[in-house]
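work35.txt (compact mmCIF, C-alpha atoms and all ligand atoms) appears below.
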# COMPACT_ATOMS: atom_id res chain seq x y z
CA MET M 1 1.05 -26.48 -10.75
CA GLU M 2 2.44 -23.07 -9.90
CA GLU M 3 2.53 -22.08 -13.56
CA GLU M 4 -1.06 -23.24 -13.94
CA GLN M 5 -2.10 -21.05 -11.00
CA CYS M 6 -0.27 -18.08 -12.49
CA ARG M 7 -2.07 -18.56 -15.78
CA LEU M 8 -5.47 -18.69 -14.08
CA ALA M 9 -4.72 -15.59 -12.06
CA ALA M 10 -3.39 -13.82 -15.13
CA ASP M 11 -6.59 -14.65 -17.03
CA ARG M 12 -8.73 -13.04 -14.35
CA SER M 13 -6.65 -9.86 -14.43
CA GLY M 14 -6.88 -9.58 -18.22
CA LEU M 15 -3.12 -10.02 -18.63
CA THR M 16 -3.43 -12.90 -21.09
CA GLU M 17 -5.76 -11.01 -23.44
CA PHE M 18 -3.96 -7.70 -23.07
CA CYS M 19 -2.26 -6.47 -26.24
CA ARG M 20 0.15 -3.58 -26.53
CA THR M 21 -1.48 -0.55 -28.17
CA LYS M 22 1.44 1.90 -27.90
CA ASP M 23 5.23 1.68 -28.01
CA PHE M 24 5.60 2.88 -24.42
CA LEU M 25 4.42 1.34 -21.17
CA VAL M 26 4.13 3.16 -17.86
CA CYS M 27 3.60 0.96 -14.80
CA VAL M 28 2.33 2.58 -11.63
CA ASP M 29 2.28 1.29 -8.08
CA SER M 30 -0.91 2.05 -6.14
CA ASP M 31 -0.49 2.50 -2.35
CA GLY M 32 1.53 5.61 -1.52
CA CYS M 33 2.17 6.30 -5.19
CA VAL M 34 -1.14 6.89 -6.99
CA MET M 35 -3.26 6.58 -3.86
CA ASN M 36 -2.70 8.67 -0.75
CA THR M 37 -3.40 5.70 1.50
CA MET M 38 -0.14 4.86 3.27
CA GLU M 39 -0.31 7.45 6.03
CA SER M 40 -3.86 6.64 7.08
CA LYS M 41 -3.34 2.87 6.89
CA HIS M 42 -0.23 2.98 9.06
CA LYS M 43 -1.23 5.76 11.46
CA LYS M 44 -4.83 4.66 11.96
CA CYS M 45 -4.63 0.89 11.50
CA PHE M 46 -1.25 -0.92 11.57
CA GLY M 47 0.41 0.95 14.45
CA PRO M 48 -2.59 1.27 16.81
CA CYS M 49 -3.55 -2.40 16.28
CA LEU M 50 -0.01 -3.45 17.22
CA VAL M 51 -0.15 -1.40 20.44
CA GLU M 52 -3.51 -3.02 21.29
CA GLU M 53 -2.56 -6.61 20.47
CA TRP M 54 0.69 -6.49 22.49
CA GLY M 55 -0.63 -4.28 25.30
CA LEU M 56 1.93 -1.51 24.74
CA GLU M 57 -0.25 1.44 25.79
CA HIS M 58 2.41 2.63 28.29
CA ILE M 59 4.91 3.13 25.44
CA ARG M 60 2.32 3.95 22.77
CA ASP M 61 3.86 7.17 21.40
CA ALA M 62 7.36 5.70 21.07
CA VAL M 63 6.06 2.57 19.34
CA LEU M 64 3.85 4.48 16.91
CA GLN M 65 6.65 6.85 16.05
CA ARG M 66 9.05 3.99 15.27
CA TRP M 67 6.34 2.09 13.38
CA ASN M 68 5.83 5.09 11.11
CA GLU M 69 9.56 5.58 10.60
CA ILE M 70 10.00 1.94 9.61
CA ASN M 71 6.99 1.73 7.32
CA LEU M 72 6.68 5.24 5.90
CA TYR M 73 9.75 7.43 6.20
CA THR M 74 12.88 5.31 5.85
CA VAL M 75 14.23 2.91 3.26
CA THR M 76 12.13 0.04 4.66
CA ARG M 77 8.99 1.95 3.53
CA GLY M 78 6.52 -0.44 1.95
CA VAL M 79 8.08 -3.52 3.55
CA ASN M 80 5.88 -6.61 3.99
CA ARG M 81 3.67 -6.24 7.09
CA PHE M 82 5.11 -9.28 8.88
CA VAL M 83 8.68 -8.18 8.28
CA GLY M 84 7.78 -4.75 9.66
CA LEU M 85 6.07 -6.32 12.65
CA THR M 86 9.08 -8.48 13.48
CA LYS M 87 11.45 -5.53 13.23
CA MET M 88 9.23 -3.45 15.52
CA LEU M 89 8.78 -6.20 18.12
CA ARG M 90 12.53 -6.84 18.15
CA GLU M 91 13.07 -3.18 19.02
CA VAL M 92 10.38 -3.31 21.72
CA ASN M 93 12.05 -6.41 23.14
CA GLU M 94 15.50 -4.79 23.13
CA GLU M 95 14.52 -1.36 24.41
CA TYR M 96 11.35 -1.62 26.49
CA VAL M 97 9.70 -4.88 27.51
CA PRO M 98 10.33 -8.57 26.75
CA VAL M 99 8.23 -9.88 23.87
CA ALA M 100 7.24 -13.47 24.58
CA GLY M 101 7.96 -15.97 21.81
CA LEU M 102 9.79 -13.50 19.55
CA PRO M 103 12.26 -16.11 18.17
CA ALA M 104 9.33 -18.15 16.83
CA LEU M 105 8.08 -15.16 14.83
CA GLU M 106 11.59 -14.35 13.61
CA ASP M 107 11.96 -17.95 12.55
CA TRP M 108 8.67 -17.98 10.63
CA VAL M 109 9.45 -14.70 8.85
CA GLY M 110 12.92 -15.97 7.94
CA THR M 111 11.82 -19.33 6.59
CA THR M 112 8.25 -19.17 5.25
CA PRO M 113 8.08 -19.53 1.48
CA GLN M 114 5.31 -16.93 1.42
CA LEU M 115 4.98 -13.90 3.71
CA SER M 116 1.21 -13.96 3.60
CA GLU M 117 -1.64 -14.11 6.06
CA GLU M 118 -2.71 -17.47 4.59
CA ALA M 119 0.73 -18.97 5.24
CA LEU M 120 0.76 -17.52 8.75
CA ALA M 121 -2.66 -19.04 9.49
CA VAL M 122 -1.30 -22.49 8.64
CA ALA M 123 1.81 -21.98 10.80
CA ALA M 124 -0.21 -20.53 13.69
CA GLY M 125 -2.40 -23.65 13.83
CA SER M 126 0.34 -25.72 15.41
CA GLY M 127 2.94 -23.12 16.33
CA ALA M 128 3.87 -20.72 19.11
CA LYS M 129 1.32 -18.32 20.58
CA ILE M 130 3.07 -15.30 19.05
CA LEU M 131 2.10 -16.55 15.58
CA SER M 132 -1.58 -16.51 16.58
CA LYS M 133 -1.10 -13.00 17.94
CA ALA M 134 0.53 -11.87 14.69
CA LEU M 135 -2.39 -13.37 12.77
CA ALA M 136 -4.96 -11.68 15.03
CA TRP M 137 -3.13 -8.37 14.55
CA SER M 138 -3.07 -8.77 10.78
CA ARG M 139 -6.79 -9.56 10.61
CA LYS M 140 -7.64 -6.65 12.90
CA VAL M 141 -5.62 -4.38 10.60
CA ASN M 142 -7.60 -5.62 7.58
CA GLU M 143 -10.89 -4.90 9.32
CA ARG M 144 -9.79 -1.43 10.29
CA VAL M 145 -8.43 -0.64 6.81
CA ALA M 146 -11.77 -1.74 5.31
CA ARG M 147 -13.52 0.75 7.58
CA LEU M 148 -11.35 3.73 6.56
CA SER M 149 -13.43 6.55 5.13
CA VAL M 150 -13.44 7.56 1.46
CA GLU M 151 -11.32 10.60 2.40
CA ASP M 152 -8.57 8.20 3.47
CA ARG M 153 -8.62 6.46 0.07
CA GLN M 154 -8.05 9.32 -2.36
CA PRO M 155 -5.44 9.66 -5.08
CA PHE M 156 -2.88 12.46 -4.87
CA SER M 157 -4.56 15.26 -6.78
CA ALA M 158 -1.81 15.76 -9.38
CA VAL M 159 -2.28 12.13 -10.43
CA TYR M 160 -5.41 12.86 -12.49
CA ALA M 161 -3.79 15.22 -14.98
CA SER M 162 -0.54 13.24 -14.97
CA LEU M 163 -2.14 9.93 -15.85
CA GLU M 164 -4.42 11.53 -18.41
CA LYS M 165 -1.47 13.12 -20.20
CA THR M 166 0.66 9.97 -19.89
CA HIS M 167 -2.13 7.85 -21.36
CA GLU M 168 -2.03 9.84 -24.60
CA TYR M 169 1.43 8.46 -25.27
CA ALA M 170 1.74 5.22 -23.34
CA ASP M 171 -0.17 2.18 -22.19
CA ILE M 172 -0.63 2.26 -18.42
CA ALA M 173 -0.63 -0.75 -16.09
CA VAL M 174 -1.15 -0.70 -12.35
CA VAL M 175 1.43 -3.00 -10.75
CA SER M 176 0.64 -3.41 -7.07
CA SER M 177 1.28 -5.96 -4.35
CA ALA M 178 -2.01 -5.08 -2.66
CA ASN M 179 -5.24 -7.00 -2.71
CA GLU M 180 -7.02 -6.96 -6.10
CA GLU M 181 -10.52 -5.97 -4.92
CA ALA M 182 -9.15 -3.11 -2.82
CA VAL M 183 -7.09 -1.71 -5.70
CA ARG M 184 -9.95 -2.05 -8.21
CA GLU M 185 -12.36 -0.38 -5.81
CA GLU M 186 -10.00 2.54 -5.15
CA PHE M 187 -9.41 3.12 -8.87
CA GLU M 188 -13.11 2.84 -9.65
CA GLU M 189 -14.22 5.15 -6.83
CA SER M 190 -11.72 7.82 -7.80
CA GLY M 191 -12.57 7.65 -11.51
CA LEU M 192 -9.04 6.61 -12.45
CA LEU M 193 -9.93 3.20 -13.86
CA GLY M 194 -10.51 4.76 -17.29
CA HIS M 195 -6.90 5.97 -17.37
CA VAL M 196 -5.38 2.52 -16.94
CA ASP M 197 -5.32 -0.42 -19.35
CA LEU M 198 -4.51 -3.18 -16.92
CA LEU M 199 -4.64 -3.87 -13.19
CA LEU M 200 -2.05 -6.35 -11.94
CA THR M 201 -2.07 -7.14 -8.23
CA GLN M 202 -0.87 -9.79 -5.76
CA THR M 203 -3.26 -12.32 -7.35
CA VAL M 204 -1.13 -12.28 -10.50
CA GLY M 205 2.23 -12.33 -8.75
CA THR M 206 5.03 -10.19 -7.38
CA LYS M 207 5.82 -6.84 -8.99
CA GLU M 208 8.93 -8.39 -10.49
CA TYR M 209 6.82 -11.16 -12.06
CA CYS M 210 4.22 -8.70 -13.39
CA LEU M 211 6.86 -6.49 -15.07
CA LYS M 212 8.43 -9.56 -16.63
CA ALA M 213 5.06 -10.69 -18.01
CA LEU M 214 4.38 -7.20 -19.40
CA LEU M 215 7.73 -7.11 -21.21
CA LYS M 216 6.61 -10.20 -23.11
CA LYS M 217 3.89 -8.06 -24.74
CA GLY M 218 6.52 -6.62 -27.08
CA TYR M 219 7.72 -3.39 -25.48
CA ALA M 220 11.41 -2.53 -25.65
CA SER M 221 12.80 -2.49 -22.11
CA SER M 222 13.95 1.11 -22.66
CA ALA M 223 10.29 2.01 -23.35
CA VAL M 224 9.02 0.66 -20.02
CA ILE M 225 9.10 2.59 -16.74
CA MET M 226 7.93 1.76 -13.23
CA ILE M 227 6.64 4.65 -11.13
CA GLY M 228 6.72 3.83 -7.43
CA ASP M 229 7.28 5.12 -3.91
CA ALA M 230 9.24 2.29 -2.28
CA ARG M 231 12.53 0.47 -2.73
CA GLY M 232 10.61 -2.69 -3.70
CA ASP M 233 9.35 -0.87 -6.81
CA LEU M 234 12.88 0.16 -7.74
CA LYS M 235 14.19 -3.38 -7.23
CA ALA M 236 11.42 -4.88 -9.39
CA ALA M 237 12.33 -2.41 -12.16
CA GLU M 238 16.07 -3.09 -11.85
CA LYS M 239 15.60 -6.85 -11.97
CA ASN M 240 13.71 -6.48 -15.25
CA GLY M 241 16.09 -3.91 -16.75
CA VAL M 242 13.38 -1.26 -17.05
CA LEU M 243 13.39 2.37 -15.92
CA PHE M 244 12.26 3.78 -12.57
CA TYR M 245 10.68 7.09 -11.61
CA PRO M 246 10.25 7.73 -7.87
CA ILE M 247 7.33 9.40 -6.12
CA LEU M 248 8.92 10.93 -3.02
CA VAL M 249 7.13 10.59 0.31
CA LYS M 250 5.81 13.95 1.59
CA LYS M 251 6.56 15.39 -1.89
CA GLU M 252 4.09 13.26 -3.83
CA GLU M 253 2.21 16.09 -5.58
CA GLU M 254 5.46 17.74 -6.68
CA SER M 255 6.79 14.37 -7.88
CA TRP M 256 3.71 13.77 -10.04
CA ARG M 257 3.85 17.28 -11.49
CA GLN M 258 7.51 16.83 -12.35
CA TRP M 259 6.65 13.55 -14.03
CA SER M 260 4.11 15.06 -16.38
CA GLU M 261 5.97 18.33 -16.96
CA GLU M 262 9.53 17.04 -17.32
CA ALA M 263 10.28 13.36 -16.95
CA LEU M 264 7.51 12.03 -19.21
CA LEU M 265 8.88 13.91 -22.20
CA SER M 266 12.42 12.84 -21.45
CA PHE M 267 11.18 9.21 -21.15
CA LEU M 268 9.35 9.43 -24.50
CA ASN M 269 12.47 10.86 -26.13
CA HIS M 270 14.59 8.01 -24.70
CA ASN M 271 16.55 10.58 -22.67
CA TYR M 272 15.45 9.59 -19.17
CA SER M 273 17.94 6.80 -18.48
CA GLY M 274 21.34 8.09 -17.39
CA SER M 275 21.82 11.25 -15.37
CA ASP M 276 18.14 12.17 -15.14
CA GLN M 277 17.17 8.81 -13.67
CA ASP M 278 20.32 8.63 -11.51
CA GLU M 279 19.59 12.00 -9.93
CA ARG M 280 16.01 11.07 -9.18
CA ILE M 281 17.00 7.76 -7.60
CA GLU M 282 19.58 9.59 -5.50
CA ALA M 283 16.93 12.06 -4.34
CA PHE M 284 14.63 9.13 -3.60
CA TYR M 285 17.16 7.46 -1.27
CA ARG M 286 18.06 10.78 0.33
CA ASN M 287 14.39 11.42 1.04
CA LEU M 288 14.26 8.07 2.87
CA GLY M 289 17.18 9.07 5.08
CA MET M 290 19.98 7.26 3.26
MG MG M 301 3.66 1.81 -2.79

Would it be possible to restate this file's structure as structure tokens?
Amino acid sequence: MEEEQCRLAADRSGLTEFCRTKDFLVCVDSDGCVMNTMESKHKKCFGPCLVEEWGLEHIRDAVLQRWNEINLYTVTRGVNRFVGLTKMLREVNEEYVPVAGLPALEDWVGTTPQLSEEALAVAAGSGAKILSKALAWSRKVNERVARLSVEDRQPFSAVYASLEKTHEYADIAVVSSANEEAVREEFEESGLLGHVDLLLTQTVGTKEYCLKALLKKGYASSAVIMIGDARGDLKAAEKNGVLFYPILVKKEEESWRQWSEEALLSFLNHNYSGSDQDERIEAFYRNLGM
């Protein structure tokens, strides 16, 4: 059944029909990597909605600051929204005010087979009140994200030239855990859709699953690289034995320029793995405070 669902989802994304046209494949994450969307989503939507839903106005600044550290500036950057929420509420509970029902949320996050809004909706139907609050928060966040202006959904400017140059030598696939319509819309609006061959999102599967499926198209693993901004991107690459190039938070433009001016060539010459990649991964962790 699960395989059947994967196949259907893959058909819609074009994965099944997709054929390799070049020897090299460059996979790019979307949020916070190609698209400059992470800051506005977290600062304007996720954090403020949490303060509202849990009535934390009296400690608003402290909560927002920690929310941004957890989700943008430390190694947990890009973590699933419900994992981030649980971590934040645990801190609120320990340092400021008791959070009613917290163990029920911790239990759901620790045991649910899928950390999705759909799964939470099922659990909230018969579960503790905090699950309904988490669901209400998540839906409010979606509404607010959908209302973000076009200025909040722009690519980093160096991405245009970088992807254009990369596309001369490599196939390009977007590999994102975001919602398919949102990713397609952002790429269409910004005129980047023409620079990518394939759009793989949460409808197809996890990033790890998508990379695995792409490898079956006949690329050598040394000719495949994942470009991403979060540890989840690195882990997906490592699990598939492919390369990783980091886009550093707050240094995104510089990271993209360095990709097209230095790392791309080294990747195409099979020289990127080894010290070049190691140094960049080290810088990536350092930039996230590790
Ligand atoms: Mg990302």

Select the residues contacting ligand MG 301 (chain M) at a distance of at most 9 Å, based on only C-alpha atoms and all ligand atoms, then format the selection as number ranges by chain.
M: 28-35, 38, 77-78, 176-178, 228-233

Using only C-alpha atoms, pick whichever of M:Leu25, M:Val249, M:Ile281, M:Val122 has the shortest atom-to-atom distance to Thr74 in chain M.
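The shortest atom-to-atom distance to Thr74 in chain M comes from M:Val249.
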
Atom pair CA of Asp152 in chain M / CA of Glu186 in chain M: separation (Å)
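Separation between CA of Asp152 in chain M and CA of Glu186 in chain M: 10.4 Å.
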
What's the separation between CA of Gly47 in chain M and CA of Ala121 in chain M, in Å to one decimal place?
20.8 Å

Calculated over all atoms listed in the file, which of the candidates M:Asn36, M:Thr16, M:Ser149, M:Ser221 has the smallest distance to Ile247 in chain M?
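Once distances to Ile247 in chain M are computed over all atoms listed in the file, the minimum belongs to M:Asn36.
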
Spatial neighbours of Glu180 in chain M, 12 Å, all atoms listed in the file, chain gap at least 2 places, as a ChimeraX atom specification:
/M:9-10,12-13,30,174-178,182-187,198-205

Just-selected residues, C-alpha atoms written as a PDB file, in the coordinates of the input:
ATOM      1  CA  ALA M   9      -4.720 -15.590 -12.060  1.00  0.00           C
ATOM      2  CA  ALA M  10      -3.390 -13.820 -15.130  1.00  0.00           C
ATOM      3  CA  ARG M  12      -8.730 -13.040 -14.350  1.00  0.00           C
ATOM      4  CA  SER M  13      -6.650  -9.860 -14.430  1.00  0.00           C
ATOM      5  CA  SER M  30      -0.910   2.050  -6.140  1.00  0.00           C
ATOM      6  CA  VAL M 174      -1.150  -0.700 -12.350  1.00  0.00           C
ATOM      7  CA  VAL M 175       1.430  -3.000 -10.750  1.00  0.00           C
ATOM      8  CA  SER M 176       0.640  -3.410  -7.070  1.00  0.00           C
ATOM      9  CA  SER M 177       1.280  -5.960  -4.350  1.00  0.00           C
ATOM     10  CA  ALA M 178      -2.010  -5.080  -2.660  1.00  0.00           C
ATOM     11  CA  ALA M 182      -9.150  -3.110  -2.820  1.00  0.00           C
ATOM     12  CA  VAL M 183      -7.090  -1.710  -5.700  1.00  0.00           C
ATOM     13  CA  ARG M 184      -9.950  -2.050  -8.210  1.00  0.00           C
ATOM     14  CA  GLU M 185     -12.360  -0.380  -5.810  1.00  0.00           C
ATOM     15  CA  GLU M 186     -10.000   2.540  -5.150  1.00  0.00           C
ATOM     16  CA  PHE M 187      -9.410   3.120  -8.870  1.00  0.00           C
ATOM     17  CA  LEU M 198      -4.510  -3.180 -16.920  1.00  0.00           C
ATOM     18  CA  LEU M 199      -4.640  -3.870 -13.190  1.00  0.00           C
ATOM     19  CA  LEU M 200      -2.050  -6.350 -11.940  1.00  0.00           C
ATOM     20  CA  THR M 201      -2.070  -7.140  -8.230  1.00  0.00           C
ATOM     21  CA  GLN M 202      -0.870  -9.790  -5.760  1.00  0.00           C
ATOM     22  CA  THR M 203      -3.260 -12.320  -7.350  1.00  0.00           C
ATOM     23  CA  VAL M 204      -1.130 -12.280 -10.500  1.00  0.00           C
ATOM     24  CA  GLY M 205       2.230 -12.330  -8.750  1.00  0.00           C
TER      25      GLY M 205
END

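Considering the residues M:Asn271, M:Ser116, M:Asn68, M:Ser260 and counting all atoms listed in the file, Lys165 in chain M has its shortest atom-to-atom contact with M:Ser260.
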
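Straight-line separation from CA of Tyr285 in chain M to CA of Leu214 in chain M: 26.6 Å.
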
Enclose range 39-55 of chain M, meaning all of its atoms listed in the file, in a box aligned along x, y and z, pad it by 4 Å on each side, and list the centre and edge lengths in Å to one decimal, as lines of an AutoDock Vina configuration file.
center_x = -2.1
center_y = 0.4
center_z = 15.7
size_x = 13.5
size_y = 22.1
size_z = 27.3

Counting all atoms listed in the file, select every polymer residue within 12 Å of (-0.4, 10.5, -17.7) as defined in the file's coordinates, and provide the selection as number ranges by chain.
M: 24-28, 34, 158-173, 192, 194-196, 227, 256-265, 268

Best match for closeness to Ile130 in chain M among M:Ala100, M:Leu193, M:Cys19, M:Val109, counting all atoms listed in the file:
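Of M:Ala100, M:Leu193, M:Cys19, M:Val109, the one nearest Ile130 in chain M is M:Ala100, counting all atoms listed in the file.
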
For Tyr245 in chain M, which residue out of M:Glu189, M:Val79, M:Leu56, M:Ser273 is the nearest one, using all atoms listed in the file?
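With all atoms listed in the file as the atom set, the closest residue is M:Ser273.
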
Would you mind listing what lies within 12 Å of Asp61 in chain M as a list in words, with all atoms listed in the file counted and same-chain residues fewer than 4 positions away left out?
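My reading of the contact set: Lys43, Gly47, Pro48, Val51, Leu56, Glu57, Gln65, Arg66, Trp67 and Asn68 of chain M.
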
Pick the closest to Leu248 in chain M from M:Val92, M:Val75, M:Ala128, M:Leu288: which is it, counting all atoms listed in the file?
M:Leu288

Taking the point (-8.5, -6.0, 12.9) as given in the file, collect each protein or nucleic acid residue that comes within 12 Å of it, counting all atoms listed in the file, and present the set as a ChimeraX atom specification.
/M:41,44-50,52-53,133-148

Coordinate excerpt as an mmCIF file, in the first residue's frame: range 165-175 of chain M, all heavy atoms:
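Output saved as decode-v7.cif:
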data_model
loop_
_atom_site.group_PDB
_atom_site.id
_atom_site.type_symbol
_atom_site.label_atom_id
_atom_site.label_comp_id
_atom_site.auth_asym_id
_atom_site.auth_seq_id
_atom_site.Cartn_x
_atom_site.Cartn_y
_atom_site.Cartn_z
ATOM 1 N N LYS M 165 24.133 28.807 -14.453
ATOM 2 C CA LYS M 165 25.446 28.245 -14.789
ATOM 3 C C LYS M 165 25.478 26.743 -14.488
ATOM 4 O O LYS M 165 25.963 25.943 -15.304
ATOM 5 C CB LYS M 165 26.529 28.973 -13.997
ATOM 6 C CG LYS M 165 27.936 28.542 -14.338
ATOM 7 C CD LYS M 165 28.939 29.459 -13.658
ATOM 8 C CE LYS M 165 30.367 28.985 -13.903
ATOM 9 N NZ LYS M 165 31.339 29.761 -13.111
ATOM 10 N N THR M 166 24.951 26.357 -13.329
ATOM 11 C CA THR M 166 24.952 24.953 -12.926
ATOM 12 C C THR M 166 24.190 24.102 -13.944
ATOM 13 O O THR M 166 24.600 22.997 -14.295
ATOM 14 C CB THR M 166 24.282 24.807 -11.532
ATOM 15 O OG1 THR M 166 24.984 25.614 -10.596
ATOM 16 C CG2 THR M 166 24.286 23.362 -11.062
ATOM 17 N N HIS M 167 23.089 24.652 -14.445
ATOM 18 C CA HIS M 167 22.222 23.902 -15.359
ATOM 19 C C HIS M 167 22.881 23.593 -16.697
ATOM 20 O O HIS M 167 22.474 22.684 -17.412
ATOM 21 C CB HIS M 167 20.913 24.678 -15.582
ATOM 22 C CG HIS M 167 19.746 23.791 -15.852
ATOM 23 N ND1 HIS M 167 18.543 24.251 -16.301
ATOM 24 C CD2 HIS M 167 19.606 22.435 -15.761
ATOM 25 C CE1 HIS M 167 17.705 23.239 -16.459
ATOM 26 N NE2 HIS M 167 18.330 22.127 -16.135
ATOM 27 N N GLU M 168 23.936 24.337 -17.026
ATOM 28 C CA GLU M 168 24.667 24.039 -18.270
ATOM 29 C C GLU M 168 25.382 22.695 -18.172
ATOM 30 O O GLU M 168 25.598 22.029 -19.167
ATOM 31 C CB GLU M 168 25.726 25.117 -18.538
ATOM 32 C CG GLU M 168 25.153 26.453 -18.971
ATOM 33 C CD GLU M 168 26.270 27.490 -19.089
ATOM 34 O OE1 GLU M 168 27.410 27.119 -19.474
ATOM 35 O OE2 GLU M 168 25.999 28.657 -18.768
ATOM 36 N N TYR M 169 25.735 22.322 -16.938
ATOM 37 C CA TYR M 169 26.554 21.122 -16.756
ATOM 38 C C TYR M 169 25.843 19.983 -16.045
ATOM 39 O O TYR M 169 26.322 18.859 -16.054
ATOM 40 C CB TYR M 169 27.808 21.474 -15.934
ATOM 41 C CG TYR M 169 28.586 22.621 -16.495
ATOM 42 C CD1 TYR M 169 28.440 23.916 -15.986
ATOM 43 C CD2 TYR M 169 29.466 22.420 -17.570
ATOM 44 C CE1 TYR M 169 29.150 24.973 -16.516
ATOM 45 C CE2 TYR M 169 30.181 23.485 -18.100
ATOM 46 C CZ TYR M 169 30.019 24.753 -17.573
ATOM 47 O OH TYR M 169 30.721 25.803 -18.097
ATOM 48 N N ALA M 170 24.745 20.295 -15.380
ATOM 49 C CA ALA M 170 24.121 19.266 -14.533
ATOM 50 C C ALA M 170 22.598 19.334 -14.609
ATOM 51 O O ALA M 170 22.027 20.400 -14.856
ATOM 52 C CB ALA M 170 24.561 19.476 -13.076
ATOM 53 N N ASP M 171 21.961 18.195 -14.403
ATOM 54 C CA ASP M 171 20.519 18.206 -14.184
ATOM 55 C C ASP M 171 20.288 18.815 -12.807
ATOM 56 O O ASP M 171 21.126 18.663 -11.908
ATOM 57 C CB ASP M 171 19.958 16.772 -14.205
ATOM 58 C CG ASP M 171 20.046 16.142 -15.600
ATOM 59 O OD1 ASP M 171 19.963 16.887 -16.595
ATOM 60 O OD2 ASP M 171 20.199 14.908 -15.681
ATOM 61 N N ILE M 172 19.157 19.476 -12.626
ATOM 62 C CA ILE M 172 18.865 20.083 -11.324
ATOM 63 C C ILE M 172 17.505 19.623 -10.828
ATOM 64 O O ILE M 172 16.507 19.701 -11.553
ATOM 65 C CB ILE M 172 18.874 21.630 -11.398
ATOM 66 C CG1 ILE M 172 20.254 22.133 -11.856
ATOM 67 C CG2 ILE M 172 18.509 22.238 -10.047
ATOM 68 C CD1 ILE M 172 20.389 23.659 -11.890
ATOM 69 N N ALA M 173 17.473 19.116 -9.586
ATOM 70 C CA ALA M 173 16.209 18.714 -8.963
ATOM 71 C C ALA M 173 16.023 19.482 -7.664
ATOM 72 O O ALA M 173 16.960 19.602 -6.870
ATOM 73 C CB ALA M 173 16.216 17.215 -8.674
ATOM 74 N N VAL M 174 14.835 20.011 -7.454
ATOM 75 C CA VAL M 174 14.509 20.587 -6.163
ATOM 76 C C VAL M 174 14.118 19.425 -5.253
ATOM 77 O O VAL M 174 13.309 18.581 -5.643
ATOM 78 C CB VAL M 174 13.329 21.583 -6.260
ATOM 79 C CG1 VAL M 174 12.943 22.109 -4.882
ATOM 80 C CG2 VAL M 174 13.669 22.722 -7.200
ATOM 81 N N VAL M 175 14.733 19.349 -4.076
ATOM 82 C CA VAL M 175 14.382 18.301 -3.111
ATOM 83 C C VAL M 175 14.016 19.015 -1.808
ATOM 84 O O VAL M 175 14.874 19.538 -1.111
ATOM 85 C CB VAL M 175 15.554 17.319 -2.900
ATOM 86 C CG1 VAL M 175 15.230 16.322 -1.798
ATOM 87 C CG2 VAL M 175 15.863 16.575 -4.203
#
